[in-house]
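Student: Sharing start-v3.txt below, compact mmCIF, C-alpha atoms:
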```txt
# COMPACT_ATOMS: atom_id res chain seq x y z
CA MET K 732 -2.36 26.09 27.35
CA LEU K 733 -2.97 26.39 31.11
CA SER K 734 -6.59 25.36 30.61
CA LEU K 735 -5.51 22.31 28.60
CA ILE K 736 -3.02 21.31 31.30
CA GLY K 737 -5.69 21.52 33.98
CA GLY K 738 -8.16 19.59 31.85
CA ALA K 739 -5.58 16.90 31.16
CA ALA K 740 -4.88 16.57 34.89
CA SER K 741 -8.60 16.09 35.59
CA GLY K 742 -8.92 13.50 32.84
CA VAL K 743 -5.90 11.53 34.01
CA GLY K 744 -7.09 11.66 37.62
CA MET K 745 -10.54 10.26 36.81
CA PHE K 746 -9.02 7.60 34.56
CA VAL K 747 -6.67 6.42 37.32
CA LEU K 748 -9.62 6.39 39.70
CA ASN K 749 -11.55 4.12 37.32
CA ILE K 750 -8.58 1.75 37.14
CA VAL K 751 -8.39 1.53 40.94
CA VAL K 752 -12.16 0.98 41.25
CA ALA K 753 -12.21 -1.69 38.52
CA ARG K 754 -9.27 -3.58 40.03
CA SER K 755 -10.27 -3.35 43.70
CA THR K 756 -14.03 -4.02 43.45
CA SER K 757 -16.22 -6.62 41.78
CA PRO K 758 -17.87 -5.98 38.39
CA SER K 759 -21.06 -5.21 40.32
CA GLY K 760 -19.20 -2.59 42.40
CA PHE K 761 -17.66 -1.07 39.29
CA ALA K 762 -21.13 -0.96 37.69
CA ASP K 763 -22.50 0.89 40.74
CA PHE K 764 -19.65 3.40 40.68
CA ALA K 765 -20.00 4.01 36.93
CA PHE K 766 -23.73 4.58 37.31
CA PHE K 767 -23.11 6.88 40.28
CA LEU K 768 -21.04 9.09 37.94
CA ALA K 769 -23.68 8.97 35.19
CA LEU K 770 -26.63 9.64 37.51
CA SER K 771 -24.86 12.64 39.04
CA GLN K 772 -25.26 14.43 35.72
CA VAL K 773 -29.02 14.73 36.36
CA TRP K 774 -28.30 16.91 39.38
CA PHE K 775 -25.51 18.69 37.54
CA ILE K 776 -28.08 19.84 34.98
CA LEU K 777 -30.51 20.91 37.71
CA THR K 778 -27.78 22.86 39.51
CA VAL K 779 -26.21 24.72 36.59
CA ALA K 780 -29.27 25.21 34.30
CA GLY K 781 -27.03 27.11 31.90
CA LEU K 782 -25.32 29.20 34.60
CA GLU K 783 -21.88 27.81 33.77
CA LEU K 784 -22.22 29.42 30.32
CA ALA K 785 -24.13 32.53 31.43
CA ALA K 786 -21.83 33.43 34.35
CA PRO K 787 -18.75 34.46 32.32
CA ARG K 788 -20.98 36.39 29.91
CA LEU K 789 -22.53 38.34 32.79
CA LEU K 790 -19.09 39.11 34.24
CA ALA K 791 -17.87 40.27 30.83
CA ARG K 792 -20.77 42.73 30.65
CA HIS K 793 -19.73 44.40 33.92
CA PRO K 794 -16.62 46.49 34.61
CA ALA K 795 -14.17 45.13 37.19
CA GLU K 796 -15.53 47.35 39.97
CA GLN K 797 -19.01 45.80 39.52
CA HIS K 798 -17.86 42.16 39.50
CA GLY K 799 -18.93 41.75 43.14
CA GLU K 800 -22.50 42.54 42.13
CA ALA K 801 -22.38 40.04 39.25
CA VAL K 802 -20.86 37.28 41.40
CA GLY K 803 -23.43 37.87 44.14
CA SER K 804 -26.27 37.45 41.64
CA ILE K 805 -24.72 34.30 40.19
CA LEU K 806 -24.29 32.69 43.61
CA ALA K 807 -27.80 33.71 44.72
CA LEU K 808 -29.38 32.00 41.72
CA ALA K 809 -27.06 29.00 42.05
CA SER K 810 -28.10 28.63 45.70
CA VAL K 811 -31.78 28.55 44.75
CA LEU K 812 -31.10 25.90 42.10
CA ALA K 813 -29.07 23.84 44.59
CA LEU K 814 -31.99 23.88 47.04
CA VAL K 815 -34.34 22.73 44.27
CA ALA K 816 -31.89 19.95 43.39
CA CYS K 817 -31.78 18.82 47.04
CA LEU K 818 -35.58 18.77 47.15
CA VAL K 819 -35.72 16.66 43.98
CA ALA K 820 -33.19 14.25 45.49
CA ALA K 821 -35.28 13.86 48.65
CA ILE K 822 -38.46 13.16 46.67
CA ALA K 823 -37.03 11.02 43.86
CA ALA K 824 -34.43 8.95 45.76
CA ASP K 825 -36.57 5.85 46.42
CA PRO K 826 -38.49 5.72 43.08
CA LEU K 827 -35.29 6.31 41.10
CA ALA K 828 -33.42 3.67 43.10
CA GLY K 829 -36.13 1.13 42.31
CA LEU K 830 -36.27 2.00 38.61
CA THR K 831 -32.51 1.74 38.10
CA LYS K 832 -31.82 -1.29 40.35
CA SER K 833 -29.82 0.93 42.68
CA SER K 834 -29.77 1.78 46.38
CA ARG K 835 -31.02 4.95 48.02
CA ALA K 836 -27.43 5.66 49.11
CA LEU K 837 -26.28 5.60 45.48
CA VAL K 838 -28.95 8.09 44.43
CA VAL K 839 -28.24 10.44 47.35
CA MET K 840 -24.47 10.37 46.77
CA ALA K 841 -24.98 10.94 43.05
CA ALA K 842 -27.12 13.97 43.89
CA ALA K 843 -24.41 15.33 46.20
CA PHE K 844 -21.76 14.87 43.52
CA GLY K 845 -23.94 16.43 40.84
CA ILE K 846 -24.60 19.51 42.96
CA ALA K 847 -20.90 19.77 43.85
CA THR K 848 -19.79 19.48 40.20
CA GLY K 849 -22.40 22.06 39.20
CA TRP K 850 -21.03 24.56 41.69
CA ARG K 851 -17.51 23.60 40.67
CA ALA K 852 -18.28 24.34 37.01
CA ILE K 853 -19.80 27.72 37.90
CA GLY K 854 -16.87 28.60 40.21
CA GLU K 855 -14.35 27.52 37.60
CA ARG K 856 -15.90 29.73 34.91
CA MET K 857 -16.08 32.71 37.27
CA THR K 858 -12.45 32.23 38.36
CA ALA K 859 -11.30 32.16 34.74
CA ALA K 860 -13.50 35.17 33.89
CA VAL K 861 -11.79 37.31 36.55
CA GLY K 862 -8.39 36.45 35.08
CA ARG K 863 -7.20 33.51 37.21
CA VAL K 864 -6.81 30.85 34.48
CA GLY K 865 -3.56 29.58 35.98
CA ALA K 866 -5.29 29.15 39.34
CA VAL K 867 -8.01 27.08 37.66
CA ALA K 868 -5.36 24.73 36.27
CA ALA K 869 -3.75 24.48 39.70
CA VAL K 870 -7.05 23.66 41.44
CA LYS K 871 -7.84 20.98 38.84
CA SER K 872 -4.41 19.43 39.30
CA VAL K 873 -4.68 19.42 43.11
CA GLU K 874 -8.19 17.94 42.96
CA ALA K 875 -6.95 15.15 40.69
CA SER K 876 -4.04 14.49 43.05
CA ILE K 877 -6.39 14.24 46.05
CA ILE K 878 -8.63 11.78 44.20
CA VAL K 879 -5.78 9.55 43.00
CA THR K 880 -3.93 9.57 46.33
CA GLY K 881 -7.10 8.92 48.31
CA ALA K 882 -8.20 6.09 46.01
CA LEU K 883 -4.84 4.35 46.16
CA ALA K 884 -4.72 4.74 49.95
CA ALA K 885 -8.24 3.30 50.30
CA ALA K 886 -7.39 0.32 48.07
CA LEU K 887 -4.18 -0.42 50.02
CA LEU K 888 -5.45 0.18 53.54
CA VAL K 889 -9.02 -1.12 53.34
CA GLY K 890 -8.21 -3.98 50.99
CA GLY K 891 -11.57 -4.31 49.24
CA PRO K 892 -13.35 -0.97 49.56
CA SER K 893 -16.88 -0.65 48.23
CA TRP K 894 -17.86 1.73 45.44
CA SER K 895 -19.25 4.15 48.05
CA VAL K 896 -15.76 4.80 49.46
CA PHE K 897 -14.59 6.05 46.07
CA ALA K 898 -17.84 7.95 45.52
CA GLY K 899 -17.41 9.73 48.85
CA LEU K 900 -13.85 10.61 47.88
CA VAL K 901 -14.83 12.39 44.65
CA VAL K 902 -17.68 14.20 46.42
CA VAL K 903 -15.29 15.59 49.06
CA ALA K 904 -12.70 16.55 46.42
CA ALA K 905 -15.37 18.39 44.38
CA PHE K 906 -16.55 20.41 47.39
CA LEU K 907 -12.93 21.31 48.23
CA ALA K 908 -12.51 22.56 44.66
CA VAL K 909 -15.68 24.66 45.02
CA GLY K 910 -14.25 26.25 48.17
CA ALA K 911 -10.97 27.01 46.41
CA TYR K 912 -12.71 28.66 43.45
CA LEU K 913 -14.93 30.80 45.68
CA ALA K 914 -11.89 31.94 47.67
CA LEU K 915 -10.09 32.90 44.45
CA VAL K 916 -13.10 34.83 43.14
CA ARG K 917 -13.56 36.56 46.49
CA HIS K 918 -9.95 37.70 46.39
CA ARG K 919 -10.40 39.34 42.98
CA THR K 920 -13.81 40.99 43.43
CA GLY K 921 -15.45 43.50 45.71
CA PRO K 922 -18.10 42.65 48.31
CA TRP K 923 -20.67 40.22 46.93
CA ARG K 924 -24.21 41.51 46.59
CA THR K 925 -27.14 40.84 44.33
CA THR K 926 -29.51 43.22 42.53
CA ALA K 927 -32.72 42.65 40.63
CA HIS K 928 -31.15 44.06 37.45
CA THR K 929 -28.19 41.65 37.39
CA ARG K 930 -30.45 38.72 38.29
CA ARG K 931 -32.69 39.52 35.30
CA GLN K 932 -29.63 39.75 33.03
CA LEU K 933 -28.35 36.42 34.30
CA VAL K 934 -31.68 34.67 33.81
CA SER K 935 -31.88 36.13 30.30
CA PHE K 936 -28.45 34.70 29.41
CA ALA K 937 -29.08 31.36 31.13
CA ARG K 938 -32.40 30.63 29.47
CA TYR K 939 -30.63 30.47 26.09
CA ALA K 940 -27.70 28.46 27.44
CA ALA K 941 -29.76 25.97 29.48
CA PRO K 942 -31.16 23.91 26.56
CA THR K 943 -27.67 23.43 25.15
CA THR K 944 -26.39 22.24 28.54
CA VAL K 945 -29.35 19.94 29.16
CA PHE K 946 -29.44 18.20 25.80
CA ALA K 947 -25.66 18.04 25.30
CA VAL K 948 -25.31 16.21 28.65
CA ALA K 949 -28.38 14.06 27.99
CA ILE K 950 -27.11 12.70 24.67
CA VAL K 951 -23.86 11.62 26.36
CA TYR K 952 -25.54 9.76 29.23
CA ILE K 953 -28.89 8.50 27.94
CA ASP K 954 -27.41 5.18 26.74
CA LYS K 955 -26.06 4.48 30.23
CA PHE K 956 -29.50 4.90 31.78
CA ALA K 957 -30.95 2.49 29.22
CA MET K 958 -28.27 -0.10 30.02
CA ARG K 959 -28.80 0.31 33.77
CA ILE K 960 -32.57 -0.17 33.51
CA GLY K 961 -32.59 -2.99 30.96
CA GLY K 962 -29.24 -4.72 31.40
CA THR K 963 -27.46 -6.62 34.14
CA ASP K 964 -24.70 -5.36 36.43
CA LEU K 965 -22.15 -7.36 34.45
CA GLN K 966 -23.34 -5.86 31.16
CA TYR K 967 -23.26 -2.38 32.64
CA ALA K 968 -19.72 -2.86 33.97
CA GLN K 969 -18.57 -4.18 30.58
CA TYR K 970 -20.31 -1.32 28.76
CA SER K 971 -18.64 1.24 31.04
CA ALA K 972 -15.26 -0.39 30.40
CA TYR K 973 -15.72 -0.26 26.62
CA PHE K 974 -16.91 3.34 26.88
CA SER K 975 -13.81 4.32 28.88
CA GLY K 976 -11.56 2.69 26.30
CA SER K 977 -12.84 4.45 23.20
CA VAL K 978 -15.66 7.00 23.45
CA LEU K 979 -14.32 8.61 26.63
CA LEU K 980 -10.91 8.95 25.01
CA ALA K 981 -12.63 10.51 21.98
CA ALA K 982 -14.32 13.03 24.27
CA GLN K 983 -10.95 14.01 25.76
CA ALA K 984 -9.44 14.31 22.26
CA VAL K 985 -12.35 16.52 21.21
CA PHE K 986 -11.59 19.01 24.01
CA VAL K 987 -8.07 19.41 22.62
CA LEU K 988 -9.29 19.64 19.02
CA GLN K 989 -11.84 22.29 19.92
CA SER K 990 -9.16 24.39 21.61
CA VAL K 991 -7.17 24.31 18.35
CA VAL K 992 -9.95 24.37 15.75
CA LEU K 993 -12.17 27.10 17.23
CA PRO K 994 -9.63 29.97 17.31
CA ALA K 995 -8.17 28.87 13.95
CA THR K 996 -11.66 28.90 12.42
CA VAL K 997 -12.41 32.36 13.80
CA ARG K 998 -9.12 33.73 12.43
CA ALA K 999 -9.44 32.11 8.99
CA ALA K 1000 -9.86 34.41 6.01
CA SER K 1001 -12.96 32.53 4.82
CA GLY K 1002 -15.19 29.68 5.92
CA ALA K 1003 -14.70 27.96 2.57
CA GLN K 1004 -10.99 27.65 3.31
CA VAL K 1005 -11.78 25.93 6.62
CA ARG K 1006 -14.26 23.60 4.92
CA HIS K 1007 -11.72 22.55 2.27
CA GLN K 1008 -9.09 21.84 4.93
CA ILE K 1009 -11.48 19.66 6.94
CA PHE K 1010 -12.59 17.74 3.85
CA ARG K 1011 -8.95 17.09 2.98
CA LEU K 1012 -8.41 15.72 6.49
CA LEU K 1013 -11.42 13.39 6.41
CA PRO K 1014 -9.76 10.40 4.62
CA LEU K 1015 -6.88 10.45 7.10
CA LEU K 1016 -9.24 10.72 10.08
CA ALA K 1017 -11.55 8.01 8.75
CA VAL K 1018 -8.62 5.58 8.51
CA GLY K 1019 -6.49 6.62 11.48
CA LEU K 1020 -9.11 7.22 14.18
CA PRO K 1021 -10.75 3.74 14.12
CA VAL K 1022 -7.32 2.10 14.48
CA LEU K 1023 -6.43 4.47 17.32
CA TYR K 1024 -9.70 3.81 19.17
CA MET K 1025 -9.53 0.04 18.64
CA CYS K 1026 -6.01 -0.04 20.10
CA SER K 1027 -6.89 2.29 22.96
CA GLY K 1028 -9.99 0.26 23.81
CA TRP K 1029 -8.02 -2.99 23.95
CA THR K 1030 -5.28 -1.34 26.04
CA VAL K 1031 -7.67 0.28 28.52
CA LEU K 1032 -9.58 -2.94 29.13
CA LYS K 1033 -6.32 -4.80 29.75
CA VAL K 1034 -5.39 -2.12 32.28
CA LEU K 1035 -8.79 -2.21 33.99
CA GLY K 1036 -8.33 -5.86 34.85
CA PRO K 1037 -9.08 -9.47 33.94
CA ASN K 1038 -12.83 -9.10 34.56
CA TYR K 1039 -13.24 -7.01 31.39
CA HIS K 1040 -12.79 -8.74 28.02
CA TYR K 1041 -12.59 -7.18 24.56
CA LEU K 1042 -14.71 -8.73 21.81
CA LEU K 1043 -13.81 -7.71 18.27
CA ALA K 1044 -17.39 -6.99 17.19
CA GLU K 1045 -18.17 -4.76 20.15
CA GLY K 1046 -14.76 -3.10 19.95
CA VAL K 1047 -15.32 -2.20 16.30
CA LEU K 1048 -18.73 -0.69 17.08
CA PHE K 1049 -17.32 1.47 19.87
CA ALA K 1050 -14.41 2.53 17.63
CA CYS K 1051 -16.88 3.55 14.88
CA TRP K 1052 -18.95 5.50 17.40
CA ALA K 1053 -15.87 7.30 18.75
CA THR K 1054 -14.61 8.08 15.23
CA LEU K 1055 -17.93 9.54 14.07
CA TYR K 1056 -18.22 11.53 17.31
CA THR K 1057 -14.76 13.06 16.85
CA ILE K 1058 -15.31 13.99 13.20
CA ASN K 1059 -18.79 15.40 13.88
CA ILE K 1060 -17.60 17.61 16.73
CA LEU K 1061 -14.70 18.82 14.58
CA GLY K 1062 -17.05 19.95 11.81
CA MET K 1063 -19.70 21.33 14.17
CA THR K 1064 -17.10 23.39 16.07
CA ALA K 1065 -15.91 24.94 12.82
CA CYS K 1066 -19.49 25.84 11.85
CA VAL K 1067 -20.28 27.37 15.22
CA GLY K 1068 -17.04 29.36 15.06
CA ARG K 1069 -18.23 31.06 11.87
CA SER K 1070 -21.98 31.40 12.44
CA SER K 1071 -24.33 31.87 15.41
CA ARG K 1072 -27.12 30.40 13.26
CA ALA K 1073 -25.20 27.13 13.22
CA MET K 1074 -25.29 27.08 17.02
CA ARG K 1075 -29.06 27.55 17.06
CA ARG K 1076 -29.50 24.79 14.49
CA GLU K 1077 -27.27 22.42 16.44
CA SER K 1078 -29.32 23.08 19.60
CA LEU K 1079 -32.47 21.92 17.77
CA VAL K 1080 -30.62 18.89 16.42
CA LEU K 1081 -29.52 17.97 19.96
CA VAL K 1082 -33.15 18.02 21.10
CA ALA K 1083 -34.15 15.76 18.20
CA ARG K 1084 -31.27 13.35 18.90
CA VAL K 1085 -32.24 13.02 22.57
CA LEU K 1086 -35.87 12.32 21.68
CA LEU K 1087 -34.90 9.74 19.05
CA ALA K 1088 -32.44 8.07 21.42
CA ALA K 1089 -35.02 7.96 24.22
CA GLY K 1090 -37.61 6.44 21.89
CA ALA K 1091 -35.26 3.84 20.40
CA LEU K 1092 -33.65 2.80 23.70
CA GLY K 1093 -37.02 2.80 25.48
CA GLY K 1094 -38.31 0.45 22.76
CA LEU K 1095 -35.39 -1.91 23.37
CA ILE K 1096 -36.13 -1.92 27.10
CA ALA K 1097 -39.85 -2.59 26.54
CA ALA K 1098 -39.05 -5.43 24.13
CA ASP K 1099 -36.40 -6.85 26.52
CA ARG K 1100 -33.79 -6.62 23.73
CA ILE K 1101 -31.20 -4.54 25.59
CA SER K 1102 -27.60 -5.59 24.93
CA ILE K 1103 -24.29 -3.83 24.48
CA THR K 1104 -24.49 -4.34 20.72
CA SER K 1105 -28.07 -3.08 20.34
CA VAL K 1106 -27.45 0.07 22.41
CA VAL K 1107 -24.26 0.97 20.54
CA LEU K 1108 -25.94 0.38 17.18
CA VAL K 1109 -28.58 2.96 18.16
CA MET K 1110 -25.86 5.46 19.13
CA VAL K 1111 -23.86 4.83 15.94
CA THR K 1112 -27.01 5.36 13.85
CA LEU K 1113 -27.61 8.69 15.59
CA GLU K 1114 -24.00 9.73 14.92
CA LEU K 1115 -24.44 8.86 11.22
CA CYS K 1116 -27.49 11.13 11.13
CA GLU K 1117 -25.41 13.83 12.85
CA THR K 1118 -22.70 13.34 10.19
CA ALA K 1119 -25.23 14.14 7.46
CA ASN K 1120 -26.34 17.19 9.43
CA VAL K 1121 -22.76 18.42 9.95
CA VAL K 1122 -21.87 18.04 6.27
CA THR K 1123 -24.97 20.08 5.36
CA MET K 1124 -24.04 22.73 7.92
CA MET K 1125 -20.50 22.96 6.60
CA ARG K 1126 -21.71 23.53 3.05
CA ARG K 1127 -24.16 26.17 4.25
CA TYR K 1128 -22.21 28.09 6.90
CA LEU K 1129 -18.54 27.63 5.98
CA VAL K 1130 -18.62 29.95 2.97
```
Please rewrite the model in this file as C-alpha cells.
Tutor:
Amino acid sequence: MLSLIGGAASGVGMFVLNIVVARSTSPSGFADFAFFLALSQVWFILTVAGLELAAPRLLARHPAEQHGEAVGSILALASVLALVACLVAAIAADPLAGLTKSSRALVVMAAAFGIATGWRAIGERMTAAVGRVGAVAAVKSVEASIIVTGALAAALLVGGPSWSVFAGLVVVAAFLAVGAYLALVRHRTGPWRTTAHTRRQLVSFARYAAPTTVFAVAIVYIDKFAMRIGGTDLQYAQYSAYFSGSVLLAAQAVFVLQSVVLPATVRAASGAQVRHQIFRLLPLLAVGLPVLYMCSGWTVLKVLGPNYHYLLAEGVLFACWATLYTINILGMTACVGRSSRAMRRESLVLVARVLLAAGALGGLIAADRISITSVVLVMVTLELCETANVVTMMRRYLV
C-alpha cells in the first residue's frame, strides 16, 4: 500500500507537470519537453543495465551485517556505468541532436536526467530492500511536490518559461531524491565497501536482468523516436498529448493491477483457476476499457489546453492500443507469477517486438509516410501479436 501511494504521487506529479508545460509553452516547446523525457530513457538504460533488479536480489542474499558490502559493490558498479553514460553523452550529443531535430542542450539535459533517474531507481530499490518502504513513499511524494511547486512558480513568475526550465527542475528533483535514498541506506547499513566476490555476484544477477530492462523500456519509447525523426514538432506534441491521455493512463493502471494480480496469482491453488478467472473478465475488460480510455483521452487533452485537439479516429486507435496493453500485461503478469519459463519466453518476445517495431517504423521514416495514425497502427499490430502470445502462454503455464 505504501508503495502504491508513493507511485501514485509520482504519477500525479508528472501529470501536473505536463499540464503546466503544455499550457505555458508552445506546441514546439511541449514537443521538446516530451522528447527530453523520452530521450532520457536511453541514458537510464545505460546507467542501470539491470542493476535496479539485481540490487535487491544481491541484498537479499546477504545477512544484515553484510549489507554495507553489498551496497558498496552496487554503488561502485553504478558509478562505472554512470561514467560510461557521461562519455556516451559527450560523444553522441551533436550527432543525436542532428538526427532528432533537437539541440545539444536537449541531449545533454536528457542524459543528466537519465543518469539521475537510473541512480534514483537503484537507490529506491536498495532503500526498500533494507526495510524502508515507507521512506520510499515519502521521498516520492516530496519529489512530486517539489516538481509541481517549482513548475507552477516558474509559470507564474517567468510568464512563458521554455521547456529547459521545466527540464532543469525535474533533473534537480531527481538528484535530490538520489541523495535522500543514499542517506536512508547509509543509516541502515554498515560502512560501505566493495569486494570482488560481491561484484561478481552482482554482475551475474544483472546480466540476466539487463535484457529485460533494455527491451521493456525500448518497446515503450521506440515509437516516440520514430515520430521525432520523421514527424513535425506539431505532430510530436499532438502524439505526446494523445499518449498521455490513454496509453500513459493504461501504464499507471497496469502498475496497480500488477500489485494486485501478482500476489493473488502466487497464492492461488492452481494456475488453471487463475486462467479461468482472467478469461471470465475478458468480455468486461474488452468493453469497459476502450470506453474508459476514450473518455480519459478526451478529458486529458481538454485539460492540456486548446492547442491539442481530439480526433475520433486517432482517439479510437489510442484507446485500442491502451486496452490491448492492459489486458496483455494482466495475462503476462499471471503467467510470470506461476512460471519462471514464462519470464524467459517473454524476454525473447520483447526482443522480437523491438526488432519488428524498429523495422516497421524505420520503413515508414524511409518512405516518408510517418503520421500519428501510421505509427499507432504499427503499435496496435504489435499488441495484437502479443495478445496471441499471451493467450498461448496462459494455456501453457497457467495449469
Student: For CA of Phe1049 (chain K) and CA of Gly1028 (chain K), quote the distance in Å rounded to one decimal.
Tutor: 8.4 Å
Student: Excluding Thr831 (chain K) and its own-chain neighbours fewer than 3 positions away, which residues fall within 6 Å of it when counting all atoms listed in the file? Please give them as a PyMOL selection string.
Tutor: chain K and resi 828+959-960
Student: What's the 8 Å shell around region 832-842 of chain K, counting only C-alpha atoms, without same-chain residues fewer than 5 positions away, as a PDB file with C-alpha atoms, keeping the file's coordinate frame?
Tutor:
```
ATOM      1  CA  ASP K 763     -22.500   0.890  40.740  1.00  0.00           C
ATOM      2  CA  PHE K 767     -23.110   6.880  40.280  1.00  0.00           C
ATOM      3  CA  LEU K 768     -21.040   9.090  37.940  1.00  0.00           C
ATOM      4  CA  LEU K 770     -26.630   9.640  37.510  1.00  0.00           C
ATOM      5  CA  SER K 771     -24.860  12.640  39.040  1.00  0.00           C
ATOM      6  CA  VAL K 773     -29.020  14.730  36.360  1.00  0.00           C
ATOM      7  CA  TRP K 774     -28.300  16.910  39.380  1.00  0.00           C
ATOM      8  CA  ALA K 816     -31.890  19.950  43.390  1.00  0.00           C
ATOM      9  CA  CYS K 817     -31.780  18.820  47.040  1.00  0.00           C
ATOM     10  CA  ALA K 820     -33.190  14.250  45.490  1.00  0.00           C
ATOM     11  CA  ALA K 821     -35.280  13.860  48.650  1.00  0.00           C
ATOM     12  CA  ALA K 824     -34.430   8.950  45.760  1.00  0.00           C
ATOM     13  CA  ASP K 825     -36.570   5.850  46.420  1.00  0.00           C
ATOM     14  CA  LEU K 827     -35.290   6.310  41.100  1.00  0.00           C
ATOM     15  CA  SER K 895     -19.250   4.150  48.050  1.00  0.00           C
ATOM     16  CA  ALA K 898     -17.840   7.950  45.520  1.00  0.00           C
ATOM     17  CA  GLY K 899     -17.410   9.730  48.850  1.00  0.00           C
ATOM     18  CA  VAL K 902     -17.680  14.200  46.420  1.00  0.00           C
ATOM     19  CA  ARG K 959     -28.800   0.310  33.770  1.00  0.00           C
ATOM     20  CA  ILE K 960     -32.570  -0.170  33.510  1.00  0.00           C
TER      21      ILE K 960
END
```
Student: So that I can see what lies close to region 1007-1011 of chain K, please list as an NGL selection string the residues with an atom at most 12 Å from it, counting all atoms listed in the file and leaving out residues fewer than 2 positions away in the same chain.
Tutor: :K and (992 or 995-996 or 999 or 1001-1005 or 1013-1017 or 1058-1066 or 1121-1122 or 1125-1126 or 1129-1130)
Student: Any idea what the distance is between CA of Ala1083 (chain K) and CA of Arg938 (chain K)?
Tutor: 18.7 Å
Student: Need the shell around Met1074 (chain K): protein/DNA/RNA residues with any atom at most 12 Å away, counting all atoms listed in the file. Skip same-chain ones fewer than 3 positions apart. Format as number ranges by chain?
Tutor: K: 939-940, 942-943, 1063-1071, 1077-1081, 1121, 1124, 1128
Student: Neighbourhood query: residues within 12 Å of (-4.8, 3.0, 26.4), file coordinates, counting only C-alpha atoms; return as a list in words.
Tutor: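 Residues with an atom at most 12 Å from (-4.8, 3.0, 26.4): Val743, Phe746, Val747, Ile750, Ala972, Tyr973, Ser975, Gly976, Ser977, Val978, Leu979, Leu980, Ala981, Leu1023, Tyr1024, Met1025, Cys1026, Ser1027, Gly1028, Trp1029, Thr1030, Val1031, Leu1032, Lys1033, Val1034 and Leu1035 of chain K.
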